[in-house]
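Peer 1: Quick one, work.cif (mmCIF, C-alpha atoms and all ligand atoms):
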```cif
data_target
loop_
_atom_site.label_atom_id
_atom_site.label_comp_id
_atom_site.auth_asym_id
_atom_site.auth_seq_id
_atom_site.Cartn_x
_atom_site.Cartn_y
_atom_site.Cartn_z
CA MET P 1 0.00 0.00 0.00
CA SER P 2 1.45 3.38 -0.94
CA LYS P 3 2.05 5.99 1.74
CA LYS P 4 -0.49 8.84 1.85
CA VAL P 5 1.02 12.30 2.32
CA LEU P 6 -0.62 15.72 2.60
CA VAL P 7 1.43 18.86 1.84
CA THR P 8 0.20 22.41 2.51
CA GLY P 9 1.46 25.33 0.40
CA SER P 10 2.17 22.87 -2.41
CA ASN P 11 1.99 25.21 -5.41
CA ARG P 12 5.55 26.57 -5.24
CA GLY P 13 8.84 26.43 -3.40
CA LEU P 14 9.47 23.62 -0.94
CA GLY P 15 5.83 22.47 -1.01
CA LEU P 16 5.89 21.87 -4.76
CA GLU P 17 9.21 20.04 -4.42
CA PHE P 18 7.84 17.88 -1.57
CA THR P 19 4.91 16.97 -3.82
CA ARG P 20 7.22 16.07 -6.72
CA GLN P 21 9.58 13.98 -4.62
CA TRP P 22 6.91 12.09 -2.66
CA LEU P 23 5.33 11.19 -6.01
CA GLY P 24 8.76 10.01 -7.18
CA ARG P 25 8.86 7.71 -4.16
CA GLY P 26 5.52 6.13 -5.02
CA ALA P 27 3.41 7.96 -2.44
CA GLU P 28 -0.17 9.11 -2.95
CA VAL P 29 -0.04 12.87 -2.46
CA PHE P 30 -2.75 15.33 -1.43
CA ALA P 31 -1.39 18.69 -2.49
CA ALA P 32 -3.15 21.57 -0.74
CA CYS P 33 -2.83 25.13 -1.97
CA ARG P 34 -4.75 28.40 -1.83
CA HIS P 35 -5.46 28.84 -5.54
CA PRO P 36 -5.47 25.53 -7.44
CA GLU P 37 -6.66 27.28 -10.60
CA GLU P 38 -3.41 29.29 -10.69
CA ALA P 39 -1.09 26.44 -9.71
CA GLY P 40 0.37 25.71 -13.15
CA ALA P 41 3.31 23.47 -12.18
CA LEU P 42 1.22 21.57 -9.65
CA ASN P 43 -1.58 20.99 -12.15
CA GLN P 44 0.95 19.63 -14.67
CA LEU P 45 2.12 17.14 -12.03
CA ALA P 46 -1.52 16.22 -11.35
CA ALA P 47 -2.18 15.64 -15.05
CA ALA P 48 0.86 13.33 -15.24
CA ASN P 49 -0.13 11.44 -12.06
CA PRO P 50 -3.94 11.35 -12.08
CA ASP P 51 -4.15 8.30 -9.78
CA ARG P 52 -1.73 9.51 -7.14
CA LEU P 53 -2.02 13.29 -6.95
CA THR P 54 -5.09 15.13 -5.73
CA VAL P 55 -5.05 18.93 -5.57
CA ILE P 56 -7.08 20.34 -2.68
CA PRO P 57 -8.04 24.01 -2.19
CA LEU P 58 -6.75 25.08 1.22
CA ASP P 59 -5.98 28.42 2.76
CA VAL P 60 -4.72 27.25 6.17
CA ASN P 61 -6.49 30.28 7.71
CA ASP P 62 -9.91 29.29 6.34
CA ALA P 63 -11.70 27.14 8.94
CA ALA P 64 -14.35 25.90 6.48
CA GLN P 65 -11.68 24.76 3.99
CA VAL P 66 -9.72 23.05 6.77
CA ALA P 67 -12.86 21.14 7.83
CA ALA P 68 -13.76 20.17 4.24
CA MET P 69 -10.19 19.00 3.59
CA ALA P 70 -10.18 16.81 6.73
CA GLU P 71 -13.50 15.16 5.80
CA ARG P 72 -11.76 13.43 2.89
CA PHE P 73 -9.77 11.19 5.23
CA GLY P 74 -10.83 8.27 7.38
CA ILE P 75 -9.25 7.20 10.65
CA GLY P 76 -5.61 6.23 10.22
CA GLU P 77 -5.64 6.96 6.48
CA LEU P 78 -2.82 9.51 6.38
CA GLN P 79 0.80 8.66 7.18
CA VAL P 80 2.47 12.07 6.75
CA LEU P 81 1.24 15.67 7.10
CA ILE P 82 3.71 18.34 5.97
CA ASN P 83 2.71 21.70 7.47
CA ASN P 84 4.77 23.63 4.93
CA ALA P 85 2.70 26.75 4.15
CA GLY P 86 4.33 29.80 5.65
CA THR P 87 4.85 33.51 5.27
CA LEU P 88 7.68 35.96 5.98
CA ALA P 89 6.96 39.67 6.32
CA SER P 90 10.13 41.61 5.57
CA GLY P 91 10.86 45.21 6.48
CA GLU P 92 9.57 45.22 10.07
CA ARG P 93 11.12 48.08 12.06
CA MET P 94 11.03 48.84 15.78
CA GLY P 95 8.76 51.87 16.27
CA GLN P 96 6.69 50.90 13.23
CA LEU P 97 5.52 47.41 14.12
CA ASP P 98 2.16 46.73 12.52
CA PRO P 99 -0.32 44.59 14.48
CA ASP P 100 -1.95 43.38 11.26
CA VAL P 101 1.39 42.10 9.98
CA MET P 102 2.16 40.47 13.33
CA GLU P 103 -1.26 38.83 13.51
CA GLY P 104 -1.15 37.68 9.89
CA ALA P 105 2.20 35.98 10.48
CA PHE P 106 0.86 34.30 13.61
CA ARG P 107 -2.27 33.06 11.86
CA THR P 108 -0.45 31.52 8.90
CA ASN P 109 2.69 30.21 10.62
CA VAL P 110 1.20 29.03 13.91
CA ILE P 111 -2.60 28.86 14.16
CA GLY P 112 -3.00 27.49 10.62
CA PRO P 113 -0.70 24.47 11.03
CA VAL P 114 -2.03 23.73 14.52
CA LEU P 115 -5.66 23.69 13.36
CA VAL P 116 -4.80 21.66 10.23
CA THR P 117 -3.10 19.11 12.52
CA GLN P 118 -6.06 19.08 14.89
CA ALA P 119 -8.46 18.50 12.00
CA LEU P 120 -6.34 15.60 10.72
CA ALA P 121 -5.56 14.08 14.13
CA GLY P 122 -7.87 11.13 13.51
CA ALA P 123 -6.49 10.55 10.03
CA LEU P 124 -2.95 10.52 11.44
CA ALA P 125 -3.78 8.35 14.44
CA ALA P 126 -3.81 4.55 14.37
CA GLY P 127 -1.55 4.49 11.31
CA GLY P 128 1.33 5.95 13.33
CA GLY P 129 1.26 9.18 11.34
CA TRP P 130 3.85 11.92 11.53
CA THR P 131 3.15 15.63 11.42
CA ILE P 132 6.13 17.58 10.08
CA ASN P 133 6.05 21.26 10.97
CA ILE P 134 8.35 23.14 8.61
CA SER P 135 9.97 25.48 11.07
CA SER P 136 13.18 27.51 10.79
CA GLU P 137 16.43 27.90 12.67
CA LEU P 138 15.23 31.52 12.99
CA GLY P 139 12.74 30.12 15.52
CA SER P 140 15.57 29.05 17.80
CA ILE P 141 15.38 31.58 20.67
CA SER P 142 18.83 30.76 22.03
CA GLN P 143 20.48 31.32 18.63
CA ARG P 144 19.02 34.73 17.81
CA SER P 145 21.51 37.56 18.03
CA GLY P 146 19.81 40.51 16.34
CA PHE P 147 16.50 42.23 15.54
CA PHE P 148 15.44 41.13 12.09
CA THR P 149 12.26 39.54 10.69
CA PRO P 150 10.92 39.47 14.28
CA SER P 151 7.41 38.26 13.45
CA TYR P 152 8.83 35.39 11.43
CA CYS P 153 11.28 34.45 14.22
CA ALA P 154 8.60 34.70 16.89
CA THR P 155 6.06 32.65 14.94
CA LYS P 156 8.55 29.86 14.22
CA ALA P 157 9.49 29.81 17.93
CA ALA P 158 5.78 29.48 18.72
CA LEU P 159 5.43 26.74 16.10
CA ASN P 160 8.27 24.90 17.83
CA MET P 161 6.41 25.00 21.14
CA TRP P 162 3.25 23.82 19.41
CA THR P 163 5.24 20.97 17.87
CA ARG P 164 6.02 19.74 21.37
CA MET P 165 2.43 20.31 22.54
CA LEU P 166 0.94 18.56 19.52
CA ASN P 167 3.27 15.64 20.03
CA PHE P 168 1.97 15.26 23.60
CA ALA P 169 -1.61 15.48 22.30
CA LEU P 170 -1.13 12.99 19.45
CA ALA P 171 1.10 10.44 21.19
CA PRO P 172 -1.70 8.61 23.07
CA GLN P 173 -3.24 7.76 19.67
CA GLY P 174 0.12 6.63 18.28
CA ALA P 175 0.85 9.70 16.12
CA HIS P 176 3.83 12.06 16.45
CA CYS P 177 5.04 15.53 15.53
CA VAL P 178 8.45 17.11 14.78
CA ALA P 179 9.72 20.52 13.70
CA VAL P 180 12.20 20.58 10.82
CA HIS P 181 14.40 23.40 9.52
CA PRO P 182 14.88 22.95 5.76
CA GLY P 183 18.14 24.94 5.56
CA TRP P 184 18.40 28.26 3.74
CA VAL P 185 16.84 27.38 0.41
CA GLN P 186 16.42 29.04 -2.99
CA THR P 187 12.70 29.77 -3.11
CA ASP P 188 10.64 32.96 -3.33
CA MET P 189 11.09 33.21 0.45
CA GLY P 190 14.73 32.17 0.66
CA GLY P 191 15.89 34.20 -2.36
CA GLN P 192 18.50 33.35 -4.96
CA ASP P 193 21.53 33.81 -2.67
CA ALA P 194 20.55 30.80 -0.59
CA PRO P 195 23.13 28.00 -0.69
CA LEU P 196 20.66 25.12 -1.06
CA ASP P 197 18.32 24.29 -3.92
CA ALA P 198 14.84 23.01 -3.12
CA ALA P 199 15.53 19.54 -4.54
CA THR P 200 18.52 18.99 -2.22
CA SER P 201 16.73 20.33 0.85
CA VAL P 202 13.60 18.25 0.28
CA ALA P 203 15.51 15.06 -0.53
CA SER P 204 17.34 15.47 2.75
CA MET P 205 14.12 16.16 4.70
CA ILE P 206 12.35 13.14 3.19
CA THR P 207 15.28 10.92 4.19
CA LEU P 208 14.88 12.28 7.72
CA ILE P 209 11.11 11.73 7.67
CA GLU P 210 11.53 8.13 6.44
CA ASN P 211 13.86 7.48 9.40
CA LEU P 212 11.88 9.17 12.18
CA GLY P 213 11.56 7.16 15.38
CA PRO P 214 10.52 7.56 19.01
CA ASP P 215 13.65 9.59 19.85
CA HIS P 216 12.66 12.27 17.32
CA ALA P 217 9.08 12.76 18.58
CA GLY P 218 8.43 16.32 19.77
CA GLY P 219 11.92 17.50 18.74
CA PHE P 220 13.43 20.20 16.50
CA PHE P 221 15.88 19.12 13.78
CA ASP P 222 17.67 20.47 10.74
CA HIS P 223 17.21 18.77 7.38
CA HIS P 224 20.19 16.49 8.07
CA GLY P 225 18.49 15.22 11.22
CA GLN P 226 20.77 17.14 13.61
CA ARG P 227 18.94 18.25 16.74
CA LEU P 228 18.65 22.08 16.96
CA PRO P 229 18.60 24.12 20.18
CA TRP P 230 15.26 25.63 21.17
N1 LIG C 1 13.30 29.00 1.89
C1 LIG C 1 13.96 29.00 3.03
O1 LIG C 1 15.17 29.35 3.09
C2 LIG C 1 13.28 28.58 4.30
C3 LIG C 1 14.09 28.48 5.46
C4 LIG C 1 13.49 28.07 6.66
C5 LIG C 1 12.15 27.72 6.67
N2 LIG C 1 11.39 27.84 5.54
C6 LIG C 1 9.98 27.46 5.63
O2 LIG C 1 9.65 26.55 4.60
C7 LIG C 1 8.25 26.67 4.26
C8 LIG C 1 8.10 26.83 2.76
O3 LIG C 1 8.76 28.03 2.40
P1 LIG C 1 9.26 28.34 0.91
O4 LIG C 1 10.65 28.73 1.01
O5 LIG C 1 8.82 27.27 -0.02
O6 LIG C 1 8.40 29.68 0.68
P2 LIG C 1 7.58 30.26 -0.56
O7 LIG C 1 8.27 29.89 -1.82
O8 LIG C 1 7.35 31.67 -0.23
O9 LIG C 1 6.21 29.43 -0.48
C9 LIG C 1 5.31 29.66 0.57
C10 LIG C 1 4.11 28.75 0.35
O10 LIG C 1 3.20 28.94 1.45
C11 LIG C 1 1.92 29.18 0.89
N3 LIG C 1 1.06 29.94 1.79
C12 LIG C 1 1.30 31.16 2.36
N4 LIG C 1 0.24 31.51 3.11
C13 LIG C 1 -0.67 30.51 3.02
C14 LIG C 1 -1.94 30.28 3.55
N5 LIG C 1 -2.56 31.16 4.36
N6 LIG C 1 -2.60 29.10 3.25
C15 LIG C 1 -2.02 28.20 2.46
N7 LIG C 1 -0.81 28.36 1.87
C16 LIG C 1 -0.15 29.51 2.17
C17 LIG C 1 2.20 29.94 -0.40
O11 LIG C 1 1.05 29.92 -1.22
P3 LIG C 1 0.69 31.15 -2.25
O12 LIG C 1 1.45 30.88 -3.50
O13 LIG C 1 -0.78 31.05 -2.39
O14 LIG C 1 1.14 32.43 -1.58
C18 LIG C 1 3.34 29.10 -0.93
O15 LIG C 1 2.86 27.90 -1.50
C19 LIG C 1 7.72 27.86 5.06
O16 LIG C 1 7.06 27.41 6.21
C20 LIG C 1 9.01 28.61 5.44
O17 LIG C 1 8.86 29.37 6.60
C21 LIG C 1 11.94 28.24 4.36
#
```
Could you spell out this file's structure in structure tokens?
Ligand SMILES: NC(=O)c1ccc[n+]([C@@H]2O[C@H](COP(=O)([O-])OP(=O)(O)OC[C@H]3O[C@@H](n4cnc5c(N)ncnc54)[C@H](OP(=O)(O)O)[C@@H]3O)[C@@H](O)[C@H]2O)c1

Peer 2:
Amino acid sequence: MSKKVLVTGSNRGLGLEFTRQWLGRGAEVFAACRHPEEAGALNQLAAANPDRLTVIPLDVNDAAQVAAMAERFGIGELQVLINNAGTLASGERMGQLDPDVMEGAFRTNVIGPVLVTQALAGALAAGGGWTINISSELGSISQRSGFFTPSYCATKAALNMWTRMLNFALAPQGAHCVAVHPGWVQTDMGGQDAPLDAATSVASMITLIENLGPDHAGGFFDHHGQRLPW
């Protein structure tokens, strides 16, 4: 039986690459994105893999879409959830912090993935499912040494705490959760100066995901599987 994997933010960047590489490994992929009608590369993949790729409309901040998405899955049907969708607001300055920007970052990077995981908890349970929260080393409180992209840093730190909380919540049903830093990667968010391409980062993260065990549950790792400081 092929593994069933759901990826949020699957239309570009790391999410699109996760979709491509899970397909390459024989998985059945549910690729969630905000605007399927505009997701050209994703729709090409879907046309080439009609039996194994389903595109699902999902803004992680839309409660009705989250509920409709979760209704597709029965108990224990999903083995991997990749909470990949994320946003980075650049240009934040002390003295000009904008509550709307701060709240928007928190909704997409923290509340969205938590509520998606909650909605899919039954689908991930029983089958020993793993929730992978795509975090960032910028969410490591102990490693921050300057004031830049503060909302992004703060939301990834909060996502790390939620990773640990969700792991406690899911563990009694046999499911687990980890936070993973993909490296600095060439995407719209990472920019072209990043040292890693998406294919290398995702290949490395999938190797980690395939080798997750009890010692990883509730932890924070880089894409090589090295434990990161909180
Ligand atoms: N690239 C890096 O160097 C790097 C480093 C550390 C961590 N990360 C993390 O890796 C993840 C993927 O980032 P990326 O580099 O691939 O960024 P990206 O190229 O900017 O892609 C972001 C993805 O998130 C989606 N998204 C944003 N808000 C959403 C929402 N409300 N609902 C659903 N989807 C939403 C976007 O969809 P639209 O096209 O609809 O906007 C897009 O698919 C993020 O969580 C990011 O924080 C990236």

Peer 1: Point out the residue among P:Asn11, P:Leu115, P:Leu124, P:Ser151 with the least atom-to-atom distance to Asp100 (chain P), counting all atoms listed in the file.

Peer 2: P:Ser151

Peer 1: Write out as a PyMOL selection string each polymer residue whose atoms come within 7 Å of Asn133 (chain P), counting only C-alpha atoms; drop sequence neighbours fewer than 6 positions from it.

Peer 2: chain P and resi 82-84+163+178-180

Peer 1: Would you name the residues within 8 Å of ligand LIG 1 (chain C), counting only C-alpha atoms and all ligand atoms, and put them as an MDAnalysis selection string?

Peer 2: chainID P and resid 8:16 32:35 58:62 83:88 107:109 112 133:138 152 156 181:191 194 198

Peer 1: Could the residues in this selection be written to a file with C-alpha atoms, as an mmCIF file, keeping the file's coordinate frame?

Peer 2:
```
data_model
loop_
_atom_site.group_PDB
_atom_site.id
_atom_site.type_symbol
_atom_site.label_atom_id
_atom_site.label_comp_id
_atom_site.auth_asym_id
_atom_site.auth_seq_id
_atom_site.Cartn_x
_atom_site.Cartn_y
_atom_site.Cartn_z
ATOM 1 C CA THR P 8 0.200 22.410 2.510
ATOM 2 C CA GLY P 9 1.460 25.330 0.400
ATOM 3 C CA SER P 10 2.170 22.870 -2.410
ATOM 4 C CA ASN P 11 1.990 25.210 -5.410
ATOM 5 C CA ARG P 12 5.550 26.570 -5.240
ATOM 6 C CA GLY P 13 8.840 26.430 -3.400
ATOM 7 C CA LEU P 14 9.470 23.620 -0.940
ATOM 8 C CA GLY P 15 5.830 22.470 -1.010
ATOM 9 C CA LEU P 16 5.890 21.870 -4.760
ATOM 10 C CA ALA P 32 -3.150 21.570 -0.740
ATOM 11 C CA CYS P 33 -2.830 25.130 -1.970
ATOM 12 C CA ARG P 34 -4.750 28.400 -1.830
ATOM 13 C CA HIS P 35 -5.460 28.840 -5.540
ATOM 14 C CA LEU P 58 -6.750 25.080 1.220
ATOM 15 C CA ASP P 59 -5.980 28.420 2.760
ATOM 16 C CA VAL P 60 -4.720 27.250 6.170
ATOM 17 C CA ASN P 61 -6.490 30.280 7.710
ATOM 18 C CA ASP P 62 -9.910 29.290 6.340
ATOM 19 C CA ASN P 83 2.710 21.700 7.470
ATOM 20 C CA ASN P 84 4.770 23.630 4.930
ATOM 21 C CA ALA P 85 2.700 26.750 4.150
ATOM 22 C CA GLY P 86 4.330 29.800 5.650
ATOM 23 C CA THR P 87 4.850 33.510 5.270
ATOM 24 C CA LEU P 88 7.680 35.960 5.980
ATOM 25 C CA ARG P 107 -2.270 33.060 11.860
ATOM 26 C CA THR P 108 -0.450 31.520 8.900
ATOM 27 C CA ASN P 109 2.690 30.210 10.620
ATOM 28 C CA GLY P 112 -3.000 27.490 10.620
ATOM 29 C CA ASN P 133 6.050 21.260 10.970
ATOM 30 C CA ILE P 134 8.350 23.140 8.610
ATOM 31 C CA SER P 135 9.970 25.480 11.070
ATOM 32 C CA SER P 136 13.180 27.510 10.790
ATOM 33 C CA GLU P 137 16.430 27.900 12.670
ATOM 34 C CA LEU P 138 15.230 31.520 12.990
ATOM 35 C CA TYR P 152 8.830 35.390 11.430
ATOM 36 C CA LYS P 156 8.550 29.860 14.220
ATOM 37 C CA HIS P 181 14.400 23.400 9.520
ATOM 38 C CA PRO P 182 14.880 22.950 5.760
ATOM 39 C CA GLY P 183 18.140 24.940 5.560
ATOM 40 C CA TRP P 184 18.400 28.260 3.740
ATOM 41 C CA VAL P 185 16.840 27.380 0.410
ATOM 42 C CA GLN P 186 16.420 29.040 -2.990
ATOM 43 C CA THR P 187 12.700 29.770 -3.110
ATOM 44 C CA ASP P 188 10.640 32.960 -3.330
ATOM 45 C CA MET P 189 11.090 33.210 0.450
ATOM 46 C CA GLY P 190 14.730 32.170 0.660
ATOM 47 C CA GLY P 191 15.890 34.200 -2.360
ATOM 48 C CA ALA P 194 20.550 30.800 -0.590
ATOM 49 C CA ALA P 198 14.840 23.010 -3.120
#
```

Peer 1: Around (11.9, 8.9, 21.1) in the file's own coordinates, what residues are found within 12 Å if you use all atoms listed in the file, given back as a tab-separated table (two decimals) with C-alpha atoms, keeping the file's coordinate frame?

Peer 2:
```tsv
chain	number	residue	atom	x	y	z
P	167	ASN	CA	3.27	15.64	20.03
P	171	ALA	CA	1.10	10.44	21.19
P	176	HIS	CA	3.83	12.06	16.45
P	177	CYS	CA	5.04	15.53	15.53
P	178	VAL	CA	8.45	17.11	14.78
P	211	ASN	CA	13.86	7.48	9.40
P	212	LEU	CA	11.88	9.17	12.18
P	213	GLY	CA	11.56	7.16	15.38
P	214	PRO	CA	10.52	7.56	19.01
P	215	ASP	CA	13.65	9.59	19.85
P	216	HIS	CA	12.66	12.27	17.32
P	217	ALA	CA	9.08	12.76	18.58
P	218	GLY	CA	8.43	16.32	19.77
P	219	GLY	CA	11.92	17.50	18.74
```

Peer 1: Between CA of Ala64 (chain P) and CA of Val7 (chain P), what is the distance, to one decimal in Å?

Peer 2: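 About the pair CA of Ala64 (chain P) and CA of Val7 (chain P): they are 17.9 Å apart.
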
Peer 1: If I take CA of Leu170 (chain P) and CA of Pro113 (chain P), how far is one from the other in Å, to one decimal?

Peer 2: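 That distance, rounded to one decimal, is 14.2 Å.
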
Peer 1: At what distance in Å, to one decimal, does CA of Leu78 (chain P) lie from CA of Glu28 (chain P)?

Peer 2: 9.7 Å

Peer 1: Have a look at P:Val55, P:Cys153, P:Ala203, P:Ala121 and name the one nearest to Arg25 (chain P); count all atoms listed in the file.

Peer 2: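 Nearest to Arg25 (chain P): P:Ala203.
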
Peer 1: Under the rule that all atoms listed in the file are counted, which of P:Ala199, P:Ser140, P:Ala39, P:Phe73 is the nearest residue to Arg20 (chain P)?

Peer 2: P:Ala199

Peer 1: What lies within 8 Å of Val114 (chain P) using all atoms listed in the file, ignoring chain neighbours under 4 positions off, as a ChimeraX atom specification?

Peer 2: /P:110,118,162,166

Peer 1: Step by step: start from the point (13.9, 12.2, 1.8) in the file's coordinates, keep every protein, DNA or RNA residue that has an atom no farther than 12 Å from it, count only C-alpha atoms, and write the set as an NGL selection string.

Peer 2: :P and (17-25 or 182 or 198-212 or 223-225)

Peer 1: Hey, which of P:Gln79, P:Gly139, P:Ala125, P:Phe147 ends up closest to Pro172 (chain P)? Count all atoms listed in the file.

Peer 2: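 Result for the nearest residue to Pro172 (chain P): P:Ala125.
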
Peer 1: Output as lines of an AutoDock Vina configuration file the centre and edge lengths (Å, one decimal) of the box along x, y and z of the file that holds every listed atom of region 76-79 of chain P after adding 6 Å on each side.

Peer 2:
```
center_x = -2.4
center_y = 7.9
center_z = 8.3
size_x = 18.4
size_y = 15.3
size_z = 15.8
```

Peer 1: Using all atoms listed in the file, which residue out of P:Phe168, P:Phe148, P:Trp230, P:Phe220 lies closest to Ile132 (chain P)?

Peer 2: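 Checking each of P:Phe168, P:Phe148, P:Trp230, P:Phe220 against Ile132 (chain P), counting all atoms listed in the file, the winner is P:Phe220.
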
Peer 1: Here is a test: counting all atoms listed in the file, which residue of P:Ala31, P:Leu97, P:Asp51, P:Ala123 is nearest to Ser2 (chain P)?

Peer 2: P:Asp51

Peer 1: Output region 34-54 of chain P as a PDB file, in the coordinates of the input, making sure N, CA and C atoms are there.

Peer 2:
```pdb
ATOM      1  N   ARG P  34      -3.686  27.397  -1.914  1.00  0.00           N
ATOM      2  CA  ARG P  34      -4.750  28.400  -1.830  1.00  0.00           C
ATOM      3  C   ARG P  34      -5.535  28.564  -3.125  1.00  0.00           C
ATOM      4  N   HIS P  35      -4.807  28.523  -4.266  1.00  0.00           N
ATOM      5  CA  HIS P  35      -5.460  28.840  -5.540  1.00  0.00           C
ATOM      6  C   HIS P  35      -5.127  27.766  -6.585  1.00  0.00           C
ATOM      7  N   PRO P  36      -5.789  26.620  -6.503  1.00  0.00           N
ATOM      8  CA  PRO P  36      -5.470  25.530  -7.440  1.00  0.00           C
ATOM      9  C   PRO P  36      -5.558  25.963  -8.906  1.00  0.00           C
ATOM     10  N   GLU P  37      -6.477  26.881  -9.207  1.00  0.00           N
ATOM     11  CA  GLU P  37      -6.660  27.280 -10.600  1.00  0.00           C
ATOM     12  C   GLU P  37      -5.449  28.038 -11.144  1.00  0.00           C
ATOM     13  N   GLU P  38      -4.608  28.551 -10.262  1.00  0.00           N
ATOM     14  CA  GLU P  38      -3.410  29.290 -10.690  1.00  0.00           C
ATOM     15  C   GLU P  38      -2.131  28.481 -10.508  1.00  0.00           C
ATOM     16  N   ALA P  39      -2.269  27.241 -10.057  1.00  0.00           N
ATOM     17  CA  ALA P  39      -1.090  26.440  -9.710  1.00  0.00           C
ATOM     18  C   ALA P  39      -0.626  25.623 -10.912  1.00  0.00           C
ATOM     19  N   GLY P  40       0.015  26.322 -11.869  1.00  0.00           N
ATOM     20  CA  GLY P  40       0.370  25.710 -13.150  1.00  0.00           C
ATOM     21  C   GLY P  40       1.242  24.479 -13.014  1.00  0.00           C
ATOM     22  N   ALA P  41       2.371  24.597 -12.296  1.00  0.00           N
ATOM     23  CA  ALA P  41       3.310  23.470 -12.180  1.00  0.00           C
ATOM     24  C   ALA P  41       2.668  22.301 -11.445  1.00  0.00           C
ATOM     25  N   LEU P  42       1.881  22.622 -10.424  1.00  0.00           N
ATOM     26  CA  LEU P  42       1.220  21.570  -9.650  1.00  0.00           C
ATOM     27  C   LEU P  42       0.173  20.849 -10.518  1.00  0.00           C
ATOM     28  N   ASN P  43      -0.563  21.614 -11.302  1.00  0.00           N
ATOM     29  CA  ASN P  43      -1.580  20.990 -12.150  1.00  0.00           C
ATOM     30  C   ASN P  43      -0.950  20.118 -13.241  1.00  0.00           C
ATOM     31  N   GLN P  44       0.245  20.495 -13.704  1.00  0.00           N
ATOM     32  CA  GLN P  44       0.950  19.630 -14.670  1.00  0.00           C
ATOM     33  C   GLN P  44       1.315  18.304 -14.015  1.00  0.00           C
ATOM     34  N   LEU P  45       1.796  18.380 -12.757  1.00  0.00           N
ATOM     35  CA  LEU P  45       2.120  17.140 -12.030  1.00  0.00           C
ATOM     36  C   LEU P  45       0.863  16.289 -11.851  1.00  0.00           C
ATOM     37  N   ALA P  46      -0.264  16.953 -11.561  1.00  0.00           N
ATOM     38  CA  ALA P  46      -1.520  16.220 -11.350  1.00  0.00           C
ATOM     39  C   ALA P  46      -1.969  15.536 -12.640  1.00  0.00           C
ATOM     40  N   ALA P  47      -1.778  16.228 -13.773  1.00  0.00           N
ATOM     41  CA  ALA P  47      -2.180  15.640 -15.050  1.00  0.00           C
ATOM     42  C   ALA P  47      -1.329  14.413 -15.374  1.00  0.00           C
ATOM     43  N   ALA P  48      -0.052  14.448 -14.960  1.00  0.00           N
ATOM     44  CA  ALA P  48       0.860  13.330 -15.240  1.00  0.00           C
ATOM     45  C   ALA P  48       0.684  12.185 -14.239  1.00  0.00           C
ATOM     46  N   ASN P  49       0.034  12.466 -13.108  1.00  0.00           N
ATOM     47  CA  ASN P  49      -0.130  11.440 -12.060  1.00  0.00           C
ATOM     48  C   ASN P  49      -1.575  11.425 -11.559  1.00  0.00           C
ATOM     49  N   PRO P  50      -2.535  11.191 -12.478  1.00  0.00           N
ATOM     50  CA  PRO P  50      -3.940  11.350 -12.080  1.00  0.00           C
ATOM     51  C   PRO P  50      -4.380  10.413 -10.971  1.00  0.00           C
ATOM     52  N   ASP P  51      -3.725   9.258 -10.813  1.00  0.00           N
ATOM     53  CA  ASP P  51      -4.150   8.300  -9.780  1.00  0.00           C
ATOM     54  C   ASP P  51      -3.527   8.567  -8.420  1.00  0.00           C
ATOM     55  N   ARG P  52      -2.458   9.371  -8.404  1.00  0.00           N
ATOM     56  CA  ARG P  52      -1.730   9.510  -7.140  1.00  0.00           C
ATOM     57  C   ARG P  52      -1.576  10.937  -6.654  1.00  0.00           C
ATOM     58  N   LEU P  53      -2.114  11.900  -7.408  1.00  0.00           N
ATOM     59  CA  LEU P  53      -2.020  13.290  -6.950  1.00  0.00           C
ATOM     60  C   LEU P  53      -3.381  13.968  -6.999  1.00  0.00           C
ATOM     61  N   THR P  54      -3.825  14.402  -5.841  1.00  0.00           N
ATOM     62  CA  THR P  54      -5.090  15.130  -5.730  1.00  0.00           C
ATOM     63  C   THR P  54      -4.784  16.533  -5.245  1.00  0.00           C
TER      64      THR P  54
END
```
